[in-house]
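Worksheet: one structure, shown below.
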Amino acid sequence: MTIPVDILKHRHAKLAAALQSAGLEAIALNPGPSLHYLTGIEFHLSERPVVCLFRAEGAPVLVLPELESAKSRNLPYELQAFTYPENPREWLNAYEKAVQAAGLRASAGKVGVEDRVLRLLEYRLLKQAAPEADWVNAENAVASLRMYKDAAEQAAMQKAVDVAQKALEATLPLVKIGMTENEVSAELMMQTLRHGSGKPPFEPIVAAGPENTANPHYFPQGRKLAAGELLLVDWGASHDGYYSDLTRTFAIGEVSAELQKIHQAVQDANAAAHAIAAPGVTCGAVDKVARDVIEAAGYGKYFTHRLGHGLGMEGHEEPYMRGDNTLPLEEGMTFTIEPGIYISGTGGVRIEDDVVVTAGGLRSFSDMPREMRVVG
């Protein structure tokens with residue numbers, strides 16, 4: 001996805017304001033979604049350390065290997081680049097030049113990093129190059145930008161959802177009793193690519209039976225699908241670097257009244273969250289209304305995770321839809337709604353949608369039926 005220069009410059013300006021508000025002299029980003037979001041440049045996270053320093057004032061400063069130097073040329077915005085050769089003993093020199101250019105060499109000010117992303121490799125070089133700097137976690141500075149998706153970002157997410165839904169609809173007629181979870185997962189992955197996905201955000205979760213469906217982050221294995229059980233499918237697709245993340249739970253033939261009741265409770269909780277989410281409503285309030293539905297049905301202790309998570313260039317990002325989060329929803333925020341009930345020995349149900357907050361309330365990117373459907 002080519003990011004227009006006006007959008008990149010707008011993002012740089014918003015980041016500068018966020019840095020000033022947080023009292024940060026700069027933020028150091030290595031390869032990952034945030035770096036691509038702010039530069040439009042894509043890097044692999046490899047044994048060669050890449051870091052870009054963004055300051056409250058002045059052009060970004062990039063350190064990168066010589067073999068990738070072309071990425072820093074002919075950009076539609078100002079950027080200072082410092083390259084290093086293959087010999088690791090010469091890498092520190094480039095980092096010292098970069099922090100000097102960024103005005104951080106002798107500074108004792110605060111420099112932000114993304115704790116979940118920056119590796120010890122890059123941190124050691126930065127620490128050596130700017131030993132006086134105070135290195136602090138500044139994930140919120142970037143999250144405060146990336147939480148709000150513009151029209152182009154929302155369009156990419158909608159496409160990622162459309163591709164994912166079409167892929168599963170193409171897979172379901174092929175699902176038969178006796179197939180293994182791995183076989184269903186492989187077919188779904190192939191259909192996802194056939195229907196136009198970029199690199200899928202994760203391997204599909206395909207879980208069957210009373211134990212596996214009750215494990216929220218299960219990895220598919222060789223278990224065969226059997227009649228009278230549930231089949232839980234958690235899958236996604238990507239488009240222009242943006243992700244979808246969906247879940248539906250199916251009946252393999254006829255299932256018990258208890259499993260039908262569990263599915264209905266989750267479906268009702270999903271609908272309740274959709275109905276309340278709107279600008280000004282807190283993330284915690286959305287979690288609570290869904291949780292209240294499941295508790296009223298008698299399954300409260302089996303809803304063991306937050307209601308959802310932010311979604312965009314990463315599968316999990318801000319905002320997090322958990323009960324203690326007092327962050328008010330705002331227009332442009334995108335996240336998942338995924339209530340679940342997981343009872344070991346009985347089965348588990350999750351129904352997950354991808355949504356965006358609008359001026360008038362909430363819009364769901366996903367519209368695949370949420371009712372229990374029979375497969376096999």
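Labels for the structure tokens follow display order: chains A, B, ..., residues from 1 in each chain, ligands from 1.
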
Subject >> range 111-120 of chain A environment, 12 Å, only C-alpha atoms, sequence neighbours closer than 5 positions dropped, as a PyMOL selection string >> reply: chain A and resi 15+18-20+22-35+45-56+99+102-105+125-128+130-143+314+316-317

**OP:** Mind the document's chain letters and residue numbers, and return as a PyMOL selection string the residues of range 162-280 of chain A that DSSP labels strand (DSSP E).
**Re:** chain A and resi 205-208+229-235+238-239+242-243+246-252

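Considering only C-alpha atoms, the residue among A:Ala214, A:Ala106, A:Val161, A:Leu168 positioned nearest to Thr346 in chain A is A:Ala214.
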
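Residues in contact with Lys149 in chain A at up to 10 Å, not including ones fewer than 5 positions away on its chain and judged by only C-alpha atoms, are Gln154, Ala155, Met157, Leu311, Gly312, Glu331, Gly332, Met333, Thr334, Val356 and Val357 of chain A.
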
**OP:** Tell me, in Å to one decimal, how far CA of Glu330 in chain A is from CA of Met147 in chain A.
**Re:** 9.3 Å

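Proximity ranking of A:Pro319, A:Val61, A:Lys71, A:Pro76 relative to Asp6 in chain A places A:Pro76 first, based on only C-alpha atoms.
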
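Neighbours of Trp235 in chain A closer than or equal to 7 Å, with only C-alpha atoms counted and sequence neighbours fewer than 5 positions away skipped, come out as A:Pro204, A:Ile205, A:Asp245, A:Leu246, A:Thr247.
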
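Among the candidate residues A:Asp234, A:Glu318, A:Glu229, A:Asp240, the one lying nearest to Ile252 in chain A is A:Glu229, with distances computed using only C-alpha atoms.
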
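CA of Asn325 in chain A sits 26.6 Å away from CA of Ile262 in chain A.
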